[in-house]
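Undergrad: Just my_file01.txt, nothing more (compact mmCIF, N, CA and C atoms):
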# COMPACT_ATOMS: atom_id res chain seq x y z
N MET A 10 23.17 -32.41 22.11
CA MET A 10 22.28 -31.81 21.16
C MET A 10 23.09 -30.93 20.24
N ASP A 11 22.73 -30.92 18.98
CA ASP A 11 23.45 -30.17 17.95
C ASP A 11 22.54 -29.07 17.42
N VAL A 12 23.00 -27.82 17.52
CA VAL A 12 22.21 -26.69 17.03
C VAL A 12 22.96 -26.08 15.85
N GLY A 13 22.25 -25.92 14.73
CA GLY A 13 22.89 -25.38 13.54
C GLY A 13 21.98 -24.44 12.79
N GLY A 14 22.50 -23.92 11.71
CA GLY A 14 21.72 -23.00 10.90
C GLY A 14 21.92 -21.57 11.34
N LYS A 15 20.85 -20.81 11.31
CA LYS A 15 20.91 -19.37 11.53
C LYS A 15 20.80 -19.01 13.02
N VAL A 16 21.82 -19.49 13.77
CA VAL A 16 21.99 -19.11 15.17
C VAL A 16 23.36 -18.46 15.30
N HIS A 17 23.58 -17.75 16.38
CA HIS A 17 24.84 -17.01 16.53
C HIS A 17 26.03 -17.92 16.81
N ARG A 18 25.85 -19.01 17.58
CA ARG A 18 26.95 -19.91 17.91
C ARG A 18 26.54 -21.37 17.68
N PRO A 19 26.52 -21.82 16.42
CA PRO A 19 26.13 -23.21 16.16
C PRO A 19 27.14 -24.18 16.75
N GLY A 20 26.67 -25.38 17.06
CA GLY A 20 27.57 -26.41 17.55
C GLY A 20 26.86 -27.40 18.45
N VAL A 21 27.65 -28.31 19.01
CA VAL A 21 27.13 -29.32 19.92
C VAL A 21 27.08 -28.74 21.32
N LEU A 22 25.92 -28.87 21.95
CA LEU A 22 25.69 -28.31 23.28
C LEU A 22 25.27 -29.41 24.24
N THR A 23 25.62 -29.23 25.50
CA THR A 23 25.13 -30.11 26.55
C THR A 23 24.12 -29.33 27.36
N LEU A 24 22.90 -29.85 27.42
CA LEU A 24 21.82 -29.19 28.14
C LEU A 24 21.26 -30.14 29.18
N PRO A 25 20.69 -29.61 30.25
CA PRO A 25 20.09 -30.48 31.27
C PRO A 25 18.89 -31.24 30.72
N ALA A 26 18.64 -32.42 31.30
CA ALA A 26 17.46 -33.20 30.94
C ALA A 26 16.22 -32.33 31.12
N GLY A 27 15.27 -32.47 30.23
CA GLY A 27 14.04 -31.69 30.30
C GLY A 27 14.13 -30.34 29.61
N SER A 28 15.28 -30.04 29.00
CA SER A 28 15.42 -28.76 28.29
C SER A 28 14.51 -28.73 27.08
N ARG A 29 14.16 -27.54 26.68
CA ARG A 29 13.27 -27.34 25.54
C ARG A 29 14.04 -26.73 24.37
N VAL A 30 13.42 -26.73 23.21
CA VAL A 30 14.05 -26.16 22.02
C VAL A 30 14.46 -24.71 22.29
N VAL A 31 13.64 -23.94 22.97
CA VAL A 31 13.96 -22.55 23.26
C VAL A 31 15.26 -22.45 24.08
N ASP A 32 15.50 -23.42 24.97
CA ASP A 32 16.73 -23.43 25.77
C ASP A 32 17.95 -23.66 24.87
N ALA A 33 17.80 -24.55 23.90
CA ALA A 33 18.89 -24.83 22.96
C ALA A 33 19.20 -23.60 22.11
N LEU A 34 18.15 -22.92 21.66
CA LEU A 34 18.36 -21.71 20.85
C LEU A 34 19.06 -20.63 21.67
N ARG A 35 18.66 -20.50 22.92
CA ARG A 35 19.29 -19.52 23.81
C ARG A 35 20.76 -19.87 24.04
N ALA A 36 21.04 -21.17 24.28
CA ALA A 36 22.41 -21.62 24.53
C ALA A 36 23.30 -21.43 23.29
N ALA A 37 22.70 -21.40 22.11
CA ALA A 37 23.44 -21.19 20.87
C ALA A 37 23.56 -19.70 20.55
N GLY A 38 23.28 -18.86 21.50
CA GLY A 38 23.43 -17.42 21.31
C GLY A 38 22.25 -16.73 20.69
N GLY A 39 21.16 -17.47 20.51
CA GLY A 39 19.96 -16.87 19.93
C GLY A 39 19.91 -17.03 18.43
N VAL A 40 18.76 -16.73 17.89
CA VAL A 40 18.50 -16.85 16.46
C VAL A 40 18.93 -15.56 15.77
N ARG A 41 19.54 -15.70 14.60
CA ARG A 41 19.95 -14.52 13.84
C ARG A 41 18.72 -13.77 13.33
N PRO A 42 18.82 -12.46 13.19
CA PRO A 42 17.69 -11.67 12.67
C PRO A 42 17.24 -12.19 11.31
N GLY A 43 15.93 -12.27 11.15
CA GLY A 43 15.35 -12.69 9.89
C GLY A 43 15.25 -14.20 9.70
N ALA A 44 15.74 -14.99 10.66
CA ALA A 44 15.67 -16.45 10.53
C ALA A 44 14.21 -16.91 10.63
N ASP A 45 13.85 -17.85 9.79
CA ASP A 45 12.48 -18.37 9.76
C ASP A 45 12.31 -19.44 10.82
N LEU A 46 11.41 -19.21 11.77
CA LEU A 46 11.14 -20.17 12.84
C LEU A 46 9.87 -20.98 12.59
N THR A 47 9.32 -20.87 11.39
CA THR A 47 8.13 -21.64 11.04
C THR A 47 8.44 -23.13 11.15
N GLY A 48 7.57 -23.87 11.78
CA GLY A 48 7.76 -25.31 11.93
C GLY A 48 8.61 -25.71 13.11
N ILE A 49 9.10 -24.74 13.87
CA ILE A 49 9.90 -25.05 15.05
C ILE A 49 9.06 -24.80 16.28
N ASN A 50 8.79 -25.85 17.02
CA ASN A 50 8.03 -25.74 18.27
C ASN A 50 9.02 -25.46 19.38
N ARG A 51 9.15 -24.21 19.75
CA ARG A 51 10.15 -23.81 20.74
C ARG A 51 9.82 -24.32 22.14
N ALA A 52 8.60 -24.77 22.37
CA ALA A 52 8.21 -25.27 23.69
C ALA A 52 8.44 -26.78 23.84
N ARG A 53 8.80 -27.47 22.75
CA ARG A 53 8.95 -28.93 22.79
C ARG A 53 10.17 -29.35 23.60
N VAL A 54 10.00 -30.41 24.39
CA VAL A 54 11.11 -30.98 25.17
C VAL A 54 12.03 -31.73 24.21
N LEU A 55 13.33 -31.51 24.38
CA LEU A 55 14.33 -32.13 23.52
C LEU A 55 14.62 -33.57 23.93
N LEU A 56 15.06 -34.36 22.97
CA LEU A 56 15.51 -35.72 23.21
C LEU A 56 17.01 -35.78 23.01
N ASP A 57 17.68 -36.68 23.71
CA ASP A 57 19.12 -36.83 23.61
C ASP A 57 19.54 -37.13 22.17
N GLY A 58 20.58 -36.50 21.69
CA GLY A 58 21.10 -36.74 20.36
C GLY A 58 20.38 -36.00 19.25
N GLU A 59 19.49 -35.13 19.61
CA GLU A 59 18.67 -34.42 18.64
C GLU A 59 19.45 -33.29 17.96
N GLN A 60 19.03 -32.95 16.75
CA GLN A 60 19.60 -31.83 16.02
C GLN A 60 18.51 -30.81 15.78
N VAL A 61 18.81 -29.55 16.05
CA VAL A 61 17.89 -28.45 15.79
C VAL A 61 18.52 -27.58 14.71
N LEU A 62 17.83 -27.44 13.58
CA LEU A 62 18.30 -26.59 12.50
C LEU A 62 17.35 -25.42 12.35
N VAL A 63 17.90 -24.23 12.27
CA VAL A 63 17.09 -23.01 12.19
C VAL A 63 17.30 -22.35 10.84
N GLY A 64 16.21 -22.20 10.09
CA GLY A 64 16.24 -21.44 8.85
C GLY A 64 17.01 -22.07 7.71
N VAL A 65 17.27 -23.37 7.78
CA VAL A 65 17.95 -24.08 6.69
C VAL A 65 17.21 -25.38 6.42
N PRO A 66 17.33 -25.93 5.21
CA PRO A 66 16.67 -27.21 4.93
C PRO A 66 17.28 -28.33 5.77
N ALA A 67 16.48 -29.31 6.12
CA ALA A 67 16.97 -30.47 6.86
C ALA A 67 17.89 -31.28 5.96
N PRO A 68 18.89 -31.97 6.55
CA PRO A 68 19.77 -32.81 5.74
C PRO A 68 19.00 -34.02 5.24
N PRO A 69 19.54 -34.71 4.20
CA PRO A 69 18.87 -35.90 3.72
C PRO A 69 18.88 -37.00 4.77
N ALA A 70 18.05 -38.01 4.58
CA ALA A 70 17.98 -39.14 5.52
C ALA A 70 19.37 -39.70 5.74
N GLY A 71 19.65 -40.10 6.98
CA GLY A 71 20.96 -40.63 7.31
C GLY A 71 21.93 -39.54 7.69
N GLY A 72 21.48 -38.29 7.77
CA GLY A 72 22.35 -37.18 8.12
C GLY A 72 22.71 -37.13 9.58
N GLY A 73 22.08 -37.91 10.43
CA GLY A 73 22.40 -37.93 11.85
C GLY A 73 21.48 -38.88 12.58
N PRO A 74 21.84 -39.22 13.82
CA PRO A 74 21.07 -40.21 14.54
C PRO A 74 19.75 -39.72 15.11
N GLY A 75 19.60 -38.43 15.33
CA GLY A 75 18.43 -37.94 16.03
C GLY A 75 17.47 -37.24 15.11
N PRO A 76 16.31 -36.88 15.65
CA PRO A 76 15.34 -36.14 14.87
C PRO A 76 15.86 -34.75 14.52
N VAL A 77 15.32 -34.18 13.49
CA VAL A 77 15.72 -32.85 13.05
C VAL A 77 14.53 -31.92 13.16
N VAL A 78 14.77 -30.75 13.71
CA VAL A 78 13.73 -29.74 13.82
C VAL A 78 13.90 -28.79 12.66
N GLY A 79 12.85 -28.55 11.89
CA GLY A 79 12.94 -27.64 10.75
C GLY A 79 12.20 -28.22 9.57
N SER A 80 12.56 -27.76 8.38
CA SER A 80 11.85 -28.23 7.20
C SER A 80 12.27 -29.64 6.86
N GLY A 81 11.31 -30.45 6.42
CA GLY A 81 11.55 -31.86 6.18
C GLY A 81 12.13 -32.14 4.82
N GLY A 82 12.56 -33.39 4.63
CA GLY A 82 13.16 -33.81 3.39
C GLY A 82 12.20 -34.64 2.57
N GLY A 83 12.72 -35.34 1.57
CA GLY A 83 11.92 -36.08 0.61
C GLY A 83 11.28 -37.34 1.15
N GLY A 84 11.76 -38.52 0.72
CA GLY A 84 11.11 -39.78 1.01
C GLY A 84 11.48 -40.41 2.33
N ALA A 85 12.24 -39.76 3.16
CA ALA A 85 12.63 -40.32 4.45
C ALA A 85 11.42 -40.38 5.37
N PRO A 86 11.42 -41.33 6.32
CA PRO A 86 10.31 -41.37 7.27
C PRO A 86 10.18 -40.04 8.01
N LEU A 87 8.96 -39.66 8.27
CA LEU A 87 8.65 -38.39 8.93
C LEU A 87 8.85 -38.54 10.43
N SER A 88 9.52 -37.59 11.04
CA SER A 88 9.75 -37.64 12.49
C SER A 88 8.49 -37.24 13.24
N LEU A 89 8.03 -38.14 14.09
CA LEU A 89 6.86 -37.85 14.93
C LEU A 89 7.16 -36.71 15.90
N ASN A 90 8.43 -36.47 16.19
CA ASN A 90 8.81 -35.47 17.18
C ASN A 90 9.07 -34.08 16.61
N THR A 91 9.13 -33.97 15.30
CA THR A 91 9.44 -32.65 14.74
C THR A 91 8.51 -32.22 13.61
N ALA A 92 7.73 -33.13 13.07
CA ALA A 92 6.87 -32.80 11.92
C ALA A 92 5.79 -31.79 12.30
N THR A 93 5.41 -31.00 11.34
CA THR A 93 4.36 -30.00 11.53
C THR A 93 3.00 -30.61 11.23
N VAL A 94 1.96 -29.89 11.61
CA VAL A 94 0.59 -30.32 11.29
C VAL A 94 0.46 -30.53 9.78
N GLU A 95 1.01 -29.62 9.01
CA GLU A 95 0.92 -29.70 7.55
C GLU A 95 1.61 -30.96 7.02
N GLN A 96 2.77 -31.32 7.61
CA GLN A 96 3.47 -32.52 7.15
C GLN A 96 2.67 -33.77 7.50
N PHE A 97 2.12 -33.84 8.71
CA PHE A 97 1.29 -34.99 9.07
C PHE A 97 0.06 -35.07 8.16
N ASP A 98 -0.52 -33.93 7.83
CA ASP A 98 -1.71 -33.88 6.98
C ASP A 98 -1.40 -34.49 5.60
N GLY A 99 -0.17 -34.48 5.18
CA GLY A 99 0.22 -35.03 3.89
C GLY A 99 0.35 -36.55 3.88
N LEU A 100 0.27 -37.19 5.05
CA LEU A 100 0.37 -38.65 5.12
C LEU A 100 -0.96 -39.28 4.71
N PRO A 101 -0.93 -40.47 4.13
CA PRO A 101 -2.18 -41.13 3.73
C PRO A 101 -3.07 -41.42 4.93
N GLY A 102 -4.34 -41.07 4.81
CA GLY A 102 -5.31 -41.34 5.87
C GLY A 102 -5.29 -40.36 7.02
N VAL A 103 -4.45 -39.32 6.91
CA VAL A 103 -4.36 -38.31 7.98
C VAL A 103 -4.85 -36.98 7.41
N GLY A 104 -5.88 -36.44 8.01
CA GLY A 104 -6.38 -35.14 7.62
C GLY A 104 -5.94 -34.10 8.64
N PRO A 105 -6.41 -32.86 8.49
CA PRO A 105 -5.98 -31.79 9.38
C PRO A 105 -6.36 -32.01 10.85
N VAL A 106 -7.50 -32.63 11.11
CA VAL A 106 -7.93 -32.86 12.50
C VAL A 106 -7.02 -33.89 13.17
N LEU A 107 -6.76 -35.01 12.50
CA LEU A 107 -5.90 -36.03 13.07
C LEU A 107 -4.45 -35.52 13.17
N ALA A 108 -4.03 -34.76 12.19
CA ALA A 108 -2.68 -34.19 12.25
C ALA A 108 -2.53 -33.31 13.50
N ARG A 109 -3.53 -32.51 13.79
CA ARG A 109 -3.51 -31.65 14.98
C ARG A 109 -3.49 -32.51 16.25
N ARG A 110 -4.24 -33.62 16.26
CA ARG A 110 -4.24 -34.52 17.43
C ARG A 110 -2.86 -35.12 17.68
N ILE A 111 -2.16 -35.48 16.60
CA ILE A 111 -0.82 -36.05 16.74
C ILE A 111 0.11 -35.01 17.37
N VAL A 112 0.08 -33.79 16.87
CA VAL A 112 0.94 -32.73 17.42
C VAL A 112 0.55 -32.41 18.87
N ASP A 113 -0.74 -32.37 19.15
CA ASP A 113 -1.19 -32.11 20.53
C ASP A 113 -0.74 -33.22 21.47
N HIS A 114 -0.82 -34.47 21.03
CA HIS A 114 -0.37 -35.60 21.85
C HIS A 114 1.12 -35.48 22.12
N ARG A 115 1.89 -35.15 21.08
CA ARG A 115 3.34 -34.98 21.22
C ARG A 115 3.66 -33.91 22.24
N THR A 116 2.97 -32.78 22.16
CA THR A 116 3.21 -31.68 23.09
C THR A 116 2.84 -32.06 24.52
N ALA A 117 1.71 -32.72 24.67
CA ALA A 117 1.23 -33.09 26.00
C ALA A 117 2.10 -34.15 26.68
N HIS A 118 2.77 -35.00 25.89
CA HIS A 118 3.53 -36.11 26.46
C HIS A 118 5.04 -35.94 26.30
N GLY A 119 5.50 -34.79 25.87
CA GLY A 119 6.93 -34.56 25.75
C GLY A 119 7.59 -35.31 24.61
N GLY A 120 6.84 -35.63 23.59
CA GLY A 120 7.41 -36.29 22.42
C GLY A 120 7.06 -37.77 22.36
N PHE A 121 7.41 -38.37 21.24
CA PHE A 121 7.20 -39.80 21.03
C PHE A 121 8.52 -40.51 21.25
N ARG A 122 8.53 -41.54 22.06
CA ARG A 122 9.73 -42.33 22.30
C ARG A 122 9.79 -43.53 21.35
N SER A 123 8.64 -43.90 20.79
CA SER A 123 8.57 -45.00 19.83
C SER A 123 7.40 -44.75 18.88
N VAL A 124 7.45 -45.39 17.73
CA VAL A 124 6.37 -45.28 16.75
C VAL A 124 5.09 -45.87 17.34
N GLU A 125 5.21 -46.90 18.16
CA GLU A 125 4.05 -47.57 18.74
C GLU A 125 3.19 -46.61 19.57
N GLU A 126 3.79 -45.57 20.14
CA GLU A 126 3.03 -44.59 20.92
C GLU A 126 2.01 -43.84 20.08
N LEU A 127 2.16 -43.90 18.77
CA LEU A 127 1.19 -43.27 17.87
C LEU A 127 -0.20 -43.88 18.05
N ARG A 128 -0.26 -45.12 18.50
CA ARG A 128 -1.55 -45.80 18.74
C ARG A 128 -2.36 -45.11 19.84
N GLU A 129 -1.69 -44.33 20.70
CA GLU A 129 -2.37 -43.65 21.80
C GLU A 129 -3.15 -42.42 21.33
N VAL A 130 -2.92 -41.99 20.11
CA VAL A 130 -3.59 -40.81 19.57
C VAL A 130 -5.01 -41.19 19.17
N ASP A 131 -5.98 -40.42 19.65
CA ASP A 131 -7.38 -40.67 19.32
C ASP A 131 -7.57 -40.58 17.81
N GLY A 132 -8.14 -41.63 17.22
CA GLY A 132 -8.38 -41.65 15.78
C GLY A 132 -7.40 -42.54 15.03
N ILE A 133 -6.40 -43.08 15.72
CA ILE A 133 -5.47 -43.99 15.07
C ILE A 133 -5.72 -45.39 15.59
N GLY A 134 -6.42 -46.16 14.76
CA GLY A 134 -6.70 -47.55 15.08
C GLY A 134 -5.63 -48.45 14.48
N GLU A 135 -5.87 -49.74 14.57
CA GLU A 135 -4.88 -50.71 14.09
C GLU A 135 -4.59 -50.57 12.60
N ARG A 136 -5.64 -50.40 11.80
CA ARG A 136 -5.44 -50.31 10.35
C ARG A 136 -4.66 -49.04 9.98
N ARG A 137 -5.06 -47.90 10.53
CA ARG A 137 -4.36 -46.65 10.21
C ARG A 137 -2.93 -46.71 10.73
N PHE A 138 -2.73 -47.29 11.90
CA PHE A 138 -1.37 -47.44 12.44
C PHE A 138 -0.52 -48.28 11.49
N ALA A 139 -1.07 -49.38 10.99
CA ALA A 139 -0.33 -50.24 10.07
C ALA A 139 0.07 -49.48 8.81
N ASP A 140 -0.80 -48.60 8.33
CA ASP A 140 -0.49 -47.80 7.15
C ASP A 140 0.60 -46.76 7.44
N LEU A 141 0.57 -46.19 8.64
CA LEU A 141 1.49 -45.10 8.99
C LEU A 141 2.85 -45.61 9.48
N GLN A 142 2.88 -46.76 10.09
CA GLN A 142 4.11 -47.26 10.74
C GLN A 142 5.36 -47.16 9.86
N PRO A 143 5.33 -47.58 8.58
CA PRO A 143 6.55 -47.50 7.79
C PRO A 143 6.89 -46.06 7.34
N LEU A 144 5.97 -45.14 7.53
CA LEU A 144 6.16 -43.77 7.02
C LEU A 144 6.66 -42.79 8.07
N VAL A 145 6.74 -43.25 9.35
CA VAL A 145 7.14 -42.35 10.43
C VAL A 145 8.23 -42.98 11.29
N ARG A 146 8.88 -42.13 12.06
CA ARG A 146 9.88 -42.57 13.04
C ARG A 146 9.76 -41.68 14.26
N PRO A 147 10.29 -42.15 15.41
CA PRO A 147 10.20 -41.30 16.62
C PRO A 147 10.98 -40.01 16.46
Translate the structure of the given file into structure tokens.

TA:
Amino acid sequence: MDVGGKVHRPGVLTLPAGSRVVDALRAAGGVRPGADLTGINRARVLLDGEQVLVGVPAPPAGGGPGPVVGSGGGGAPLSLNTATVEQFDGLPGVGPVLARRIVDHRTAHGGFRSVEELREVDGIGERRFADLQPLVRP
């Protein structure tokens, strides 16, 4: 896992399976004073190869193999594992209630391992899934 941005010791860290974002921040020496943690779910379970950025814009698409925690970029597919309710709400056919359901499902199941798991969210049928599939990634 790669932790960067406004932390005391940015870099690549090895954490035990099942670690959470808060564990990564702690292992990086903590967050610097004044860093914006908006959009960072500190309770979320991390996935292998993930990057956590604190208080800085996310890199453009292709900046790394894993999902990025923090503010999103332009036209790149939205990460199901790091997007905020507000970002999901911006997708076609997704309103604030469905956006909240997606985030709640992610939290309850430890993240999305594939885009297909989006079908498990109440309110996402075949048609809505077909519309969302090209716009999101795990």

Undergrad: Give me the residues within 6 Å of segment 44-56 of chain A as a list of chain:residue names, counting all atoms listed in the file and dropping any in the same chain fewer than 6 places off.

TA: A:Gly27, A:Ser28, A:Arg29, A:Val30, A:Val31, A:Val63, A:Gly64, A:Val78, A:Gly79, A:Thr93, A:Gly119

Undergrad: Taking N, CA and C atoms for each residue, export the selection above as an mmCIF file, keeping the file's coordinate frame.

TA:
data_model
loop_
_atom_site.group_PDB
_atom_site.id
_atom_site.type_symbol
_atom_site.label_atom_id
_atom_site.label_comp_id
_atom_site.auth_asym_id
_atom_site.auth_seq_id
_atom_site.Cartn_x
_atom_site.Cartn_y
_atom_site.Cartn_z
ATOM 1 N N GLY A 27 15.270 -32.470 30.230
ATOM 2 C CA GLY A 27 14.040 -31.690 30.300
ATOM 3 C C GLY A 27 14.130 -30.340 29.610
ATOM 4 N N SER A 28 15.280 -30.040 29.000
ATOM 5 C CA SER A 28 15.420 -28.760 28.290
ATOM 6 C C SER A 28 14.510 -28.730 27.080
ATOM 7 N N ARG A 29 14.160 -27.540 26.680
ATOM 8 C CA ARG A 29 13.270 -27.340 25.540
ATOM 9 C C ARG A 29 14.040 -26.730 24.370
ATOM 10 N N VAL A 30 13.420 -26.730 23.210
ATOM 11 C CA VAL A 30 14.050 -26.160 22.020
ATOM 12 C C VAL A 30 14.460 -24.710 22.290
ATOM 13 N N VAL A 31 13.640 -23.940 22.970
ATOM 14 C CA VAL A 31 13.960 -22.550 23.260
ATOM 15 C C VAL A 31 15.260 -22.450 24.080
ATOM 16 N N VAL A 63 17.900 -24.230 12.270
ATOM 17 C CA VAL A 63 17.090 -23.010 12.190
ATOM 18 C C VAL A 63 17.300 -22.350 10.840
ATOM 19 N N GLY A 64 16.210 -22.200 10.090
ATOM 20 C CA GLY A 64 16.240 -21.440 8.850
ATOM 21 C C GLY A 64 17.010 -22.070 7.710
ATOM 22 N N VAL A 78 14.770 -30.750 13.710
ATOM 23 C CA VAL A 78 13.730 -29.740 13.820
ATOM 24 C C VAL A 78 13.900 -28.790 12.660
ATOM 25 N N GLY A 79 12.850 -28.550 11.890
ATOM 26 C CA GLY A 79 12.940 -27.640 10.750
ATOM 27 C C GLY A 79 12.200 -28.220 9.570
ATOM 28 N N THR A 93 5.410 -31.000 11.340
ATOM 29 C CA THR A 93 4.360 -30.000 11.530
ATOM 30 C C THR A 93 3.000 -30.610 11.230
ATOM 31 N N GLY A 119 5.500 -34.790 25.870
ATOM 32 C CA GLY A 119 6.930 -34.560 25.750
ATOM 33 C C GLY A 119 7.590 -35.310 24.610
#

Undergrad: Skipping near chain neighbours, those fewer than 5 positions away, what residues fall within 8 Å of Gln142 of chain A using all atoms listed in the file, listed as number ranges by chain?

TA: A: 124-125, 136-137

Undergrad: Pick out the residues sitting within 12 Å of Asp113 of chain A, and hand them over as a ChimeraX atom specification; count only C-alpha atoms, and ignore anything fewer than 3 positions along from it in its own chain.

TA: /A:50,53,89-90,92-94,106-110,116-121,127,129-131

Undergrad: Which value, in Å to one decimal, gives the distance between atom N of His114 of chain A and atom N of Glu126 of chain A?

TA: 12.1 Å

Undergrad: Provide the atom C of Gly58 of chain A to atom CA of Met10 of chain A distance in Å, to one decimal place.

TA: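 Computing it gives 5.0 Å between the two atoms.
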
Undergrad: What's the separation between atom CA of Glu59 of chain A and atom N of Asp11 of chain A, in Å to one decimal place?

TA: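 Those two atoms sit 5.4 Å apart.
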
Undergrad: Would you list, as a PyMOL selection string, the residues of chain A that end up in alpha helix (DSSP H) under DSSP run on this structure's backbone?

TA: chain A and resi 30-36+94-98+105-118+135-141

Undergrad: Need to verify the contact set: Gly38 of chain A, 9 Å, only C-alpha atoms, exclusion of same-chain residues closer than 6 positions in sequence. Can you return it as JSON, numbers by chain?

TA: {"A": [16, 17, 18, 19]}

Undergrad: Could you give me, as a list in words, the residues that have an atom at most 12 Å away from the point (6.2, -48.9, 1.7) in the coordinates of the file, using only C-alpha atoms?

TA: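 The requested residues, written out, are Gly84, Ala85, Pro86, Pro101, Ala139, Asp140, Leu141, Gln142, Pro143, Leu144 and Val145 of chain A.
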
Undergrad: Ranking A:Ala37, A:Gly134, A:Asp98, A:Gly13 by minimum distance to Val65 of chain A and counting only C-alpha atoms, which one comes first?

TA: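 Residue with the minimum atom-to-atom distance to Val65 of chain A: A:Gly13.
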
Undergrad: Have a look at A:Val12, A:Arg122, A:Leu22, A:Arg115 and name the one nearest to Gln60 of chain A; count all atoms listed in the file.

TA: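 Using all atoms listed in the file, Gln60 of chain A sits closest to A:Val12.
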